[in-house]
file run01.cif (mmCIF, C-alpha atoms)
data_entry
#
loop_
_atom_site.group_PDB
_atom_site.id
_atom_site.type_symbol
_atom_site.label_atom_id
_atom_site.label_comp_id
_atom_site.auth_asym_id
_atom_site.auth_seq_id
_atom_site.Cartn_x
_atom_site.Cartn_y
_atom_site.Cartn_z
ATOM 1 C CA GLY A 1 79.061 63.471 128.803
ATOM 2 C CA ASP A 2 79.293 60.061 127.241
ATOM 3 C CA SER A 3 76.166 57.953 126.975
ATOM 4 C CA VAL A 4 74.979 54.690 125.479
ATOM 5 C CA THR A 5 71.426 53.946 124.415
ATOM 6 C CA GLN A 6 70.287 50.437 123.651
ATOM 7 C CA MET A 7 66.911 48.999 122.810
ATOM 8 C CA GLU A 8 64.714 48.047 125.689
ATOM 9 C CA GLY A 9 63.917 44.461 126.317
ATOM 10 C CA PRO A 10 62.998 41.899 126.933
ATOM 11 C CA VAL A 11 63.540 40.444 123.502
ATOM 12 C CA THR A 12 61.929 37.060 123.048
ATOM 13 C CA LEU A 13 62.910 34.915 120.072
ATOM 14 C CA SER A 14 62.521 31.351 118.954
ATOM 15 C CA GLU A 15 65.594 29.208 118.526
ATOM 16 C CA GLU A 16 67.402 29.787 115.212
ATOM 17 C CA ALA A 17 65.840 33.233 114.744
ATOM 18 C CA PHE A 18 67.880 36.253 113.694
ATOM 19 C CA LEU A 19 68.887 38.643 116.449
ATOM 20 C CA THR A 20 69.504 42.378 116.353
ATOM 21 C CA ILE A 21 70.009 44.504 119.450
ATOM 22 C CA ASN A 22 70.405 48.164 118.615
ATOM 23 C CA CYS A 23 72.987 50.335 120.322
ATOM 24 C CA THR A 24 73.840 53.980 119.693
ATOM 25 C CA TYR A 25 76.271 56.161 121.535
ATOM 26 C CA THR A 26 77.232 59.751 122.234
ATOM 27 C CA ALA A 27 80.855 60.510 122.958
ATOM 28 C CA THR A 28 83.585 63.016 122.364
ATOM 29 C CA GLY A 29 86.644 61.746 120.599
ATOM 30 C CA TYR A 30 86.938 58.201 119.325
ATOM 31 C CA PRO A 31 85.791 55.697 121.919
ATOM 32 C CA SER A 32 86.237 51.949 121.856
ATOM 33 C CA LEU A 33 82.953 50.023 121.776
ATOM 34 C CA PHE A 34 82.031 46.793 123.511
ATOM 35 C CA TRP A 35 79.305 44.265 124.001
ATOM 36 C CA TYR A 36 79.226 42.464 127.333
ATOM 37 C CA VAL A 37 76.979 39.531 128.249
ATOM 38 C CA GLN A 38 75.689 38.604 131.693
ATOM 39 C CA TYR A 39 74.360 35.080 132.029
ATOM 40 C CA PRO A 40 71.995 34.340 134.919
ATOM 41 C CA GLY A 41 73.876 34.320 138.203
ATOM 42 C CA GLU A 42 77.214 35.200 136.626
ATOM 43 C CA GLY A 43 79.393 38.252 136.168
ATOM 44 C CA LEU A 44 79.805 40.272 133.012
ATOM 45 C CA GLN A 45 81.844 38.727 130.248
ATOM 46 C CA LEU A 46 83.304 40.516 127.274
ATOM 47 C CA LEU A 47 81.536 39.299 124.145
ATOM 48 C CA LEU A 48 83.230 41.407 121.484
ATOM 49 C CA LYS A 49 84.781 44.781 120.894
ATOM 50 C CA ALA A 50 85.830 47.249 118.208
ATOM 51 C CA THR A 51 88.365 49.979 118.687
ATOM 52 C CA LYS A 52 87.983 52.133 115.586
ATOM 53 C CA ALA A 53 85.511 53.067 112.895
ATOM 54 C CA ASP A 54 84.471 50.286 110.488
ATOM 55 C CA ASP A 55 86.006 47.611 112.701
ATOM 56 C CA LYS A 56 83.861 44.509 113.098
ATOM 57 C CA GLY A 57 83.974 42.627 116.369
ATOM 58 C CA SER A 58 82.887 39.004 116.352
ATOM 59 C CA ASN A 59 82.691 36.105 118.770
ATOM 60 C CA LYS A 60 80.525 32.992 119.207
ATOM 61 C CA GLY A 61 78.512 33.857 116.094
ATOM 62 C CA PHE A 62 77.767 37.395 117.300
ATOM 63 C CA GLU A 63 78.915 40.397 115.276
ATOM 64 C CA ALA A 64 78.862 44.165 115.622
ATOM 65 C CA THR A 65 80.320 46.862 113.359
ATOM 66 C CA TYR A 66 81.575 50.222 114.612
ATOM 67 C CA ARG A 67 79.644 52.771 112.528
ATOM 68 C CA LYS A 68 80.978 56.239 113.176
ATOM 69 C CA GLU A 69 78.621 57.946 110.715
ATOM 70 C CA THR A 70 75.569 56.659 112.568
ATOM 71 C CA THR A 71 77.265 56.393 115.995
ATOM 72 C CA SER A 72 76.006 52.841 116.264
ATOM 73 C CA PHE A 73 77.275 49.420 117.283
ATOM 74 C CA HIS A 74 74.352 47.056 116.725
ATOM 75 C CA LEU A 75 74.717 43.448 117.874
ATOM 76 C CA GLU A 76 73.630 40.706 115.467
ATOM 77 C CA LYS A 77 73.533 36.935 115.363
ATOM 78 C CA GLY A 78 72.184 34.890 112.510
ATOM 79 C CA SER A 79 70.759 32.005 114.503
ATOM 80 C CA VAL A 80 70.248 32.230 118.247
ATOM 81 C CA GLN A 81 70.263 29.319 120.641
ATOM 82 C CA VAL A 82 68.569 28.795 123.987
ATOM 83 C CA SER A 83 71.976 29.112 125.606
ATOM 84 C CA ASP A 84 72.208 32.711 124.340
ATOM 85 C CA SER A 85 69.525 33.755 126.818
ATOM 86 C CA ALA A 86 71.173 36.469 128.921
ATOM 87 C CA VAL A 87 71.374 40.220 129.413
ATOM 88 C CA TYR A 88 73.472 42.059 126.840
ATOM 89 C CA PHE A 89 75.147 45.380 127.617
ATOM 90 C CA CYS A 90 76.552 47.786 125.074
ATOM 91 C CA ALA A 91 79.377 49.950 126.415
ATOM 92 C CA LEU A 92 81.939 52.491 125.361
ATOM 93 C CA MET A 93 85.320 53.394 126.739
ATOM 94 C CA ASP A 94 86.475 56.970 126.389
ATOM 95 C CA THR A 95 90.021 57.602 125.296
ATOM 96 C CA GLY A 96 90.877 59.657 128.374
ATOM 97 C CA ARG A 97 89.693 58.018 131.594
ATOM 98 C CA ARG A 98 89.440 54.560 130.096
ATOM 99 C CA ALA A 99 86.368 53.861 132.210
ATOM 100 C CA LEU A 100 83.343 52.087 130.728
ATOM 101 C CA THR A 101 79.958 53.695 130.223
ATOM 102 C CA PHE A 102 77.194 51.118 129.924
ATOM 103 C CA GLY A 103 73.817 51.067 128.263
ATOM 104 C CA SER A 104 70.804 49.927 130.239
ATOM 105 C CA GLY A 105 71.065 46.312 129.108
ATOM 106 C CA THR A 106 68.750 44.200 126.964
ATOM 107 C CA ARG A 107 67.413 40.904 128.226
ATOM 108 C CA LEU A 108 67.243 38.203 125.558
ATOM 109 C CA GLN A 109 65.039 35.173 126.057
ATOM 110 C CA VAL A 110 65.358 32.392 123.484
ATOM 111 C CA GLN A 111 62.624 29.777 123.474
ATOM 112 C CA PRO A 112 63.116 26.232 122.164
ATOM 113 C CA GLY B 1 91.192 34.046 130.312
ATOM 114 C CA ALA B 2 91.916 36.434 133.152
ATOM 115 C CA VAL B 3 89.948 35.883 136.350
ATOM 116 C CA VAL B 4 88.702 38.418 138.842
ATOM 117 C CA SER B 5 87.221 37.281 142.134
ATOM 118 C CA GLN B 6 85.110 39.085 144.671
ATOM 119 C CA HIS B 7 84.551 38.259 148.305
ATOM 120 C CA PRO B 8 82.062 37.889 149.771
ATOM 121 C CA SER B 9 79.553 36.977 147.085
ATOM 122 C CA TRP B 10 76.728 38.168 149.292
ATOM 123 C CA VAL B 11 76.436 39.820 152.668
ATOM 124 C CA ILE B 12 73.634 40.824 154.998
ATOM 125 C CA CYS B 13 74.380 43.404 157.643
ATOM 126 C CA LYS B 14 72.621 45.614 160.138
ATOM 127 C CA SER B 15 72.132 49.293 159.512
ATOM 128 C CA GLY B 16 75.040 51.342 160.852
ATOM 129 C CA THR B 17 77.706 48.689 160.420
ATOM 130 C CA SER B 18 80.527 48.721 157.885
ATOM 131 C CA VAL B 19 81.078 46.125 155.186
ATOM 132 C CA LYS B 20 84.281 45.421 153.271
ATOM 133 C CA ILE B 21 84.242 43.893 149.796
ATOM 134 C CA GLU B 22 87.416 42.526 148.227
ATOM 135 C CA CYS B 23 88.260 42.409 144.546
ATOM 136 C CA ARG B 24 91.235 40.329 143.411
ATOM 137 C CA SER B 25 92.853 39.756 140.059
ATOM 138 C CA LEU B 26 93.917 36.129 140.272
ATOM 139 C CA ASP B 27 96.307 35.651 137.380
ATOM 140 C CA PHE B 28 97.317 39.113 136.294
ATOM 141 C CA GLN B 29 98.381 42.426 137.735
ATOM 142 C CA ALA B 30 95.902 45.250 137.647
ATOM 143 C CA THR B 31 97.160 48.783 138.089
ATOM 144 C CA THR B 32 93.612 50.010 137.695
ATOM 145 C CA MET B 33 90.398 48.589 139.077
ATOM 146 C CA PHE B 34 86.898 49.962 138.795
ATOM 147 C CA TRP B 35 83.938 49.717 141.155
ATOM 148 C CA TYR B 36 80.397 49.681 139.805
ATOM 149 C CA ARG B 37 76.981 49.531 141.361
ATOM 150 C CA GLN B 38 74.066 47.789 139.673
ATOM 151 C CA PHE B 39 70.465 48.266 140.704
ATOM 152 C CA PRO B 40 67.889 45.591 139.886
ATOM 153 C CA LYS B 41 67.200 45.399 136.155
ATOM 154 C CA GLN B 42 69.358 48.438 135.545
ATOM 155 C CA SER B 43 72.752 49.097 134.108
ATOM 156 C CA LEU B 44 76.077 49.368 135.862
ATOM 157 C CA MET B 45 76.959 52.769 137.221
ATOM 158 C CA LEU B 46 80.620 53.567 137.706
ATOM 159 C CA MET B 47 81.323 54.583 141.284
ATOM 160 C CA ALA B 48 85.073 55.066 141.311
ATOM 161 C CA THR B 49 88.362 54.295 139.646
ATOM 162 C CA SER B 50 90.987 52.749 141.860
ATOM 163 C CA ASN B 51 94.674 53.092 141.011
ATOM 164 C CA GLU B 52 97.290 51.072 142.827
ATOM 165 C CA GLY B 53 99.227 53.184 145.290
ATOM 166 C CA SER B 54 97.157 56.332 144.905
ATOM 167 C CA LYS B 55 93.799 57.742 145.907
ATOM 168 C CA ALA B 56 90.694 56.612 144.115
ATOM 169 C CA THR B 57 88.879 58.896 141.708
ATOM 170 C CA TYR B 58 85.172 59.066 142.517
ATOM 171 C CA GLU B 59 82.349 59.800 140.111
ATOM 172 C CA GLN B 60 80.129 62.771 140.685
ATOM 173 C CA GLY B 61 77.546 62.081 143.339
ATOM 174 C CA VAL B 62 79.445 59.251 145.017
ATOM 175 C CA GLU B 63 80.360 59.983 148.623
ATOM 176 C CA LYS B 64 84.059 59.412 149.256
ATOM 177 C CA ASP B 65 83.606 59.043 152.994
ATOM 178 C CA LYS B 66 80.786 56.581 152.502
ATOM 179 C CA PHE B 67 82.516 54.309 150.033
ATOM 180 C CA LEU B 68 86.155 53.911 150.996
ATOM 181 C CA ILE B 69 88.399 52.393 148.374
ATOM 182 C CA ASN B 70 91.881 51.033 148.962
ATOM 183 C CA HIS B 71 94.119 49.603 146.252
ATOM 184 C CA ALA B 72 97.165 48.552 148.209
ATOM 185 C CA SER B 73 98.600 46.020 145.778
ATOM 186 C CA LEU B 74 98.517 45.163 142.096
ATOM 187 C CA THR B 75 96.070 42.328 142.711
ATOM 188 C CA LEU B 76 93.739 43.648 145.404
ATOM 189 C CA SER B 77 91.289 46.501 145.767
ATOM 190 C CA THR B 78 88.774 46.831 148.587
ATOM 191 C CA LEU B 79 85.531 48.756 148.845
ATOM 192 C CA THR B 80 84.267 49.513 152.347
ATOM 193 C CA VAL B 81 80.703 50.679 152.741
ATOM 194 C CA THR B 82 80.794 52.644 155.980
ATOM 195 C CA SER B 83 77.791 53.059 158.263
ATOM 196 C CA ALA B 84 75.631 51.157 155.819
ATOM 197 C CA HIS B 85 71.956 52.001 155.429
ATOM 198 C CA PRO B 86 69.164 50.150 153.600
ATOM 199 C CA GLU B 87 69.519 52.457 150.577
ATOM 200 C CA ASP B 88 73.054 51.111 150.146
ATOM 201 C CA SER B 89 71.626 47.680 149.383
ATOM 202 C CA SER B 90 72.724 46.845 145.868
ATOM 203 C CA PHE B 91 74.906 44.658 143.679
ATOM 204 C CA TYR B 92 78.511 45.833 143.693
ATOM 205 C CA ILE B 93 80.772 44.783 140.844
ATOM 206 C CA CYS B 94 84.468 45.359 140.350
ATOM 207 C CA SER B 95 86.516 45.131 137.209
ATOM 208 C CA ALA B 96 90.234 45.066 136.623
ATOM 209 C CA ARG B 97 92.213 46.190 133.648
ATOM 210 C CA ASP B 98 95.017 43.989 132.436
ATOM 211 C CA ALA B 99 97.300 46.429 130.691
ATOM 212 C CA SER B 100 99.741 43.709 129.718
ATOM 213 C CA ALA B 101 97.199 41.589 127.832
ATOM 214 C CA SER B 102 97.208 41.279 124.084
ATOM 215 C CA GLY B 103 93.844 42.966 124.084
ATOM 216 C CA GLY B 104 95.533 46.113 125.290
ATOM 217 C CA GLN B 105 94.343 48.600 127.829
ATOM 218 C CA GLU B 106 90.789 48.317 126.609
ATOM 219 C CA THR B 107 90.398 44.893 128.135
ATOM 220 C CA GLN B 108 88.578 44.848 131.463
ATOM 221 C CA TYR B 109 87.664 41.719 133.365
ATOM 222 C CA PHE B 110 84.721 41.699 135.713
ATOM 223 C CA GLY B 111 84.236 40.034 139.039
ATOM 224 C CA PRO B 112 81.059 38.041 139.738
ATOM 225 C CA GLY B 113 79.669 40.769 141.998
ATOM 226 C CA THR B 114 78.740 41.102 145.651
ATOM 227 C CA ARG B 115 75.140 41.424 146.714
ATOM 228 C CA LEU B 116 74.736 43.626 149.798
ATOM 229 C CA LEU B 117 71.544 43.722 151.831
ATOM 230 C CA VAL B 118 71.362 46.190 154.680
ATOM 231 C CA LEU B 119 68.589 45.566 157.170
#

call {"tool": "encode", "arguments": {"input": "run01.cif", "output": "structure tokens"}}
result
Amino acid sequence: GDSVTQMEGPVTLSEEAFLTINCTYTATGYPSLFWYVQYPGEGLQLLLKATKADDKGSNKGFEATYRKETTSFHLEKGSVQVSDSAVYFCALMDTGRRALTFGSGTRLQVQP
Amino acid sequence: GAVVSQHPSWVICKSGTSVKIECRSLDFQATTMFWYRQFPKQSLMLMATSNEGSKATYEQGVEKDKFLINHASLTLSTLTVTSAHPEDSSFYICSARDASASGGQETQYFGPGTRLLVL
């Protein structure tokens, strides 16, 4: 079945540092890929998405590129802020059921 | 953006009682809603897919008689945890798909979650 593997956290960075959170997936067909963010005490919010190979999703300074050859969708941000502290979930949506399969989540802690 | 609400946000109940959780899409119609369960510091696990006007589709290992799902309208789905036990304590999250949005059918909006504690 489908699965998503993302790097374990927590990830602790200083403000303005470069961020990478790795995400790889296993799926049949051509899934859509997502990054969701969960701020403390809040529900999941869609951060960005990509629906086909080589697409780049971007939002709020975050970027991720759909790499079919490496089955990856790594999340990057050039300069993190304290307000980016949250849990980040990588997810895929299969083309059939259209249900989301989530990775285990990576907690990011940004220190001033 | 689209808003999904859940009620209640948290509930404490005695073992053996039933608890109903509501999930509403506030400004869009959702033909499909999903129910997830999240354990502490773990990912979301899909429990079931709820389609308006038809029976829910449950994931393997999820007891249909334990977790009753009703999707009676395009804006409301309910999850009832029947005869709750302490092991049912968890964070329950719903999401709704807005098929009419510009983002297409891939766009799901999540509710804030309901924390259930069974004593």

call {"tool": "closest_atom_pairs", "arguments": {"input": "run01.cif", "of": "chain B", "to": "chain A", "cutoff": "10 Å", "atoms": "all atoms listed in the file", "output": "CSV"}}
result
residue,atom,partner,partner_atom,distance
B:Val4,CA,A:Gly43,CA,9.7
B:Ser5,CA,A:Gly43,CA,9.9
B:Thr32,CA,A:Arg98,CA,9.8
B:Met33,CA,A:Ala99,CA,9.5
B:Phe34,CA,A:Ala99,CA,7.7
B:Tyr36,CA,A:Leu100,CA,9.8
B:Lys41,CA,A:Gly105,CA,8.1
B:Gln42,CA,A:Ser104,CA,5.7
B:Ser43,CA,A:Ser104,CA,4.4
B:Leu44,CA,A:Phe102,CA,6.3
B:Met45,CA,A:Phe102,CA,7.5
B:Leu46,CA,A:Thr101,CA,7.5
B:Ala48,CA,A:Ala99,CA,9.3
B:Thr49,CA,A:Ala99,CA,7.7
B:Ile93,CA,A:Gly43,CA,8.1
B:Cys94,CA,A:Gly43,CA,9.7
B:Ser95,CA,A:Leu44,CA,9.3
B:Arg97,CA,A:Arg98,CA,9.5
B:Gly103,CA,A:Lys49,CA,9.8
B:Gln105,CA,A:Arg98,CA,8.0
B:Glu106,CA,A:Arg98,CA,7.3
B:Thr107,CA,A:Leu46,CA,8.4
B:Gln108,CA,A:Leu46,CA,8.0
B:Tyr109,CA,A:Gln45,CA,7.2
B:Phe110,CA,A:Leu44,CA,5.8
B:Gly111,CA,A:Gly43,CA,5.9
B:Pro112,CA,A:Gly43,CA,3.9
B:Gly113,CA,A:Gly43,CA,6.4
B:Thr114,CA,A:Gly43,CA,9.9

call {"tool": "atom_distance", "arguments": {"input": "run01.cif", "atom1": "atom CA of Ser50 of chain B", "atom2": "atom CA of Trp35 of chain B"}}
result
7.7 Å

call {"tool": "resolve_selection", "arguments": {"input": "run01.cif", "expression": "the PyMOL selection byres ((chain B and resi 58) around 7)", "output": "PyMOL selection string"}}
result
chain B and resi 47-49+56-57+59-60+62+64

call {"tool": "resolve_selection", "arguments": {"input": "run01.cif", "expression": "the PyMOL selection byres ((chain A and resi 80-84) around 12)", "output": "ChimeraX atom specification"}}
result
/A:11-20,37-40,47,60-62,76-79,85-88,107-112

call {"tool": "resolve_selection", "arguments": {"input": "run01.cif", "expression": "the PyMOL selection byres ((chain B and resi 118) around 6)", "output": "ChimeraX atom specification"}}
result
/B:12-15,85-86,89,117,119

call {"tool": "atom_distance", "arguments": {"input": "run01.cif", "atom1": "atom CA of Glu63 of chain B", "atom2": "atom CA of Thr26 of chain A"}}
result
26.6 Å

call {"tool": "build_atoms", "arguments": {"input": "run01.cif", "residues": "segment 63-74 of chain A", "atoms": "all heavy atoms", "output": "PDB file, in the coordinates of the input"}}
result
ATOM      1  N   GLU A  63      78.116  39.398 115.978  1.00  0.00           N
ATOM      2  CA  GLU A  63      78.915  40.397 115.276  1.00  0.00           C
ATOM      3  C   GLU A  63      78.376  41.788 115.585  1.00  0.00           C
ATOM      4  O   GLU A  63      77.182  41.955 115.855  1.00  0.00           O
ATOM      5  CB  GLU A  63      78.822  40.200 113.756  1.00  0.00           C
ATOM      6  CG  GLU A  63      79.480  38.955 113.234  1.00  0.00           C
ATOM      7  CD  GLU A  63      79.400  38.879 111.714  1.00  0.00           C
ATOM      8  OE1 GLU A  63      78.572  39.597 111.120  1.00  0.00           O
ATOM      9  OE2 GLU A  63      80.177  38.112 111.128  1.00  0.00           O
ATOM     10  N   ALA A  64      79.277  42.774 115.518  1.00  0.00           N
ATOM     11  CA  ALA A  64      78.862  44.165 115.622  1.00  0.00           C
ATOM     12  C   ALA A  64      79.900  45.002 114.889  1.00  0.00           C
ATOM     13  O   ALA A  64      81.097  44.759 115.017  1.00  0.00           O
ATOM     14  CB  ALA A  64      78.758  44.608 117.082  1.00  0.00           C
ATOM     15  N   THR A  65      79.431  46.002 114.136  1.00  0.00           N
ATOM     16  CA  THR A  65      80.320  46.862 113.359  1.00  0.00           C
ATOM     17  C   THR A  65      80.272  48.280 113.888  1.00  0.00           C
ATOM     18  O   THR A  65      79.186  48.838 114.097  1.00  0.00           O
ATOM     19  CB  THR A  65      79.939  46.847 111.867  1.00  0.00           C
ATOM     20  OG1 THR A  65      80.007  45.498 111.390  1.00  0.00           O
ATOM     21  CG2 THR A  65      80.890  47.711 111.059  1.00  0.00           C
ATOM     22  N   TYR A  66      81.417  48.857 114.100  1.00  0.00           N
ATOM     23  CA  TYR A  66      81.575  50.222 114.612  1.00  0.00           C
ATOM     24  C   TYR A  66      81.247  51.176 113.468  1.00  0.00           C
ATOM     25  O   TYR A  66      82.021  51.334 112.530  1.00  0.00           O
ATOM     26  CB  TYR A  66      83.025  50.383 115.056  1.00  0.00           C
ATOM     27  CG  TYR A  66      83.382  51.633 115.827  1.00  0.00           C
ATOM     28  CD1 TYR A  66      84.326  51.542 116.843  1.00  0.00           C
ATOM     29  CD2 TYR A  66      82.856  52.886 115.541  1.00  0.00           C
ATOM     30  CE1 TYR A  66      84.735  52.660 117.552  1.00  0.00           C
ATOM     31  CE2 TYR A  66      83.234  53.998 116.246  1.00  0.00           C
ATOM     32  CZ  TYR A  66      84.185  53.891 117.242  1.00  0.00           C
ATOM     33  OH  TYR A  66      84.580  55.008 117.946  1.00  0.00           O
ATOM     34  N   ARG A  67      80.076  51.839 113.567  1.00  0.00           N
ATOM     35  CA  ARG A  67      79.644  52.771 112.528  1.00  0.00           C
ATOM     36  C   ARG A  67      79.737  54.184 113.075  1.00  0.00           C
ATOM     37  O   ARG A  67      78.881  54.630 113.831  1.00  0.00           O
ATOM     38  CB  ARG A  67      78.198  52.476 112.113  1.00  0.00           C
ATOM     39  CG  ARG A  67      77.966  51.078 111.568  1.00  0.00           C
ATOM     40  CD  ARG A  67      78.526  50.909 110.199  1.00  0.00           C
ATOM     41  NE  ARG A  67      78.134  49.609 109.609  1.00  0.00           N
ATOM     42  CZ  ARG A  67      78.759  49.057 108.589  1.00  0.00           C
ATOM     43  NH1 ARG A  67      79.826  49.652 108.047  1.00  0.00           N
ATOM     44  NH2 ARG A  67      78.339  47.906 108.110  1.00  0.00           N
ATOM     45  N   LYS A  68      80.766  54.882 112.659  1.00  0.00           N
ATOM     46  CA  LYS A  68      80.978  56.239 113.176  1.00  0.00           C
ATOM     47  C   LYS A  68      79.937  57.201 112.621  1.00  0.00           C
ATOM     48  O   LYS A  68      79.467  58.111 113.310  1.00  0.00           O
ATOM     49  CB  LYS A  68      82.391  56.705 112.842  1.00  0.00           C
ATOM     50  CG  LYS A  68      82.807  58.021 113.484  1.00  0.00           C
ATOM     51  CD  LYS A  68      84.279  58.287 113.259  1.00  0.00           C
ATOM     52  CE  LYS A  68      84.724  59.552 113.973  1.00  0.00           C
ATOM     53  NZ  LYS A  68      84.062  60.747 113.441  1.00  0.00           N
ATOM     54  N   GLU A  69      79.543  57.005 111.351  1.00  0.00           N
ATOM     55  CA  GLU A  69      78.621  57.946 110.715  1.00  0.00           C
ATOM     56  C   GLU A  69      77.241  57.921 111.354  1.00  0.00           C
ATOM     57  O   GLU A  69      76.543  58.934 111.378  1.00  0.00           O
ATOM     58  CB  GLU A  69      78.526  57.659 109.209  1.00  0.00           C
ATOM     59  CG  GLU A  69      77.976  56.301 108.833  1.00  0.00           C
ATOM     60  CD  GLU A  69      78.999  55.179 108.856  1.00  0.00           C
ATOM     61  OE1 GLU A  69      80.130  55.382 109.393  1.00  0.00           O
ATOM     62  OE2 GLU A  69      78.672  54.089 108.355  1.00  0.00           O
ATOM     63  N   THR A  70      76.866  56.769 111.896  1.00  0.00           N
ATOM     64  CA  THR A  70      75.569  56.659 112.568  1.00  0.00           C
ATOM     65  C   THR A  70      75.724  56.498 114.076  1.00  0.00           C
ATOM     66  O   THR A  70      74.719  56.304 114.775  1.00  0.00           O
ATOM     67  CB  THR A  70      74.776  55.461 112.016  1.00  0.00           C
ATOM     68  OG1 THR A  70      75.571  54.272 112.153  1.00  0.00           O
ATOM     69  CG2 THR A  70      74.396  55.675 110.560  1.00  0.00           C
ATOM     70  N   THR A  71      76.937  56.595 114.565  1.00  0.00           N
ATOM     71  CA  THR A  71      77.265  56.393 115.995  1.00  0.00           C
ATOM     72  C   THR A  71      76.535  55.178 116.551  1.00  0.00           C
ATOM     73  O   THR A  71      75.820  55.250 117.564  1.00  0.00           O
ATOM     74  CB  THR A  71      76.978  57.643 116.851  1.00  0.00           C
ATOM     75  OG1 THR A  71      75.585  57.966 116.800  1.00  0.00           O
ATOM     76  CG2 THR A  71      77.789  58.820 116.367  1.00  0.00           C
ATOM     77  N   SER A  72      76.713  54.055 115.867  1.00  0.00           N
ATOM     78  CA  SER A  72      76.006  52.841 116.264  1.00  0.00           C
ATOM     79  C   SER A  72      76.952  51.655 116.358  1.00  0.00           C
ATOM     80  O   SER A  72      78.051  51.658 115.769  1.00  0.00           O
ATOM     81  CB  SER A  72      74.886  52.532 115.270  1.00  0.00           C
ATOM     82  OG  SER A  72      75.433  52.239 113.997  1.00  0.00           O
ATOM     83  N   PHE A  73      76.488  50.647 117.102  1.00  0.00           N
ATOM     84  CA  PHE A  73      77.275  49.420 117.283  1.00  0.00           C
ATOM     85  C   PHE A  73      76.279  48.297 117.551  1.00  0.00           C
ATOM     86  O   PHE A  73      76.253  47.696 118.611  1.00  0.00           O
ATOM     87  CB  PHE A  73      78.256  49.599 118.446  1.00  0.00           C
ATOM     88  CG  PHE A  73      79.327  48.539 118.543  1.00  0.00           C
ATOM     89  CD1 PHE A  73      80.151  48.242 117.469  1.00  0.00           C
ATOM     90  CD2 PHE A  73      79.537  47.854 119.735  1.00  0.00           C
ATOM     91  CE1 PHE A  73      81.148  47.277 117.569  1.00  0.00           C
ATOM     92  CE2 PHE A  73      80.536  46.891 119.848  1.00  0.00           C
ATOM     93  CZ  PHE A  73      81.337  46.609 118.769  1.00  0.00           C
ATOM     94  N   HIS A  74      75.436  48.017 116.561  1.00  0.00           N
ATOM     95  CA  HIS A  74      74.352  47.056 116.725  1.00  0.00           C
ATOM     96  C   HIS A  74      74.881  45.626 116.804  1.00  0.00           C
ATOM     97  O   HIS A  74      75.743  45.236 116.001  1.00  0.00           O
ATOM     98  CB  HIS A  74      73.365  47.159 115.570  1.00  0.00           C
ATOM     99  CG  HIS A  74      72.802  48.536 115.375  1.00  0.00           C
ATOM    100  ND1 HIS A  74      72.472  49.367 116.426  1.00  0.00           N
ATOM    101  CD2 HIS A  74      72.527  49.230 114.233  1.00  0.00           C
ATOM    102  CE1 HIS A  74      72.003  50.511 115.947  1.00  0.00           C
ATOM    103  NE2 HIS A  74      72.029  50.463 114.630  1.00  0.00           N
TER     104      HIS A  74
END
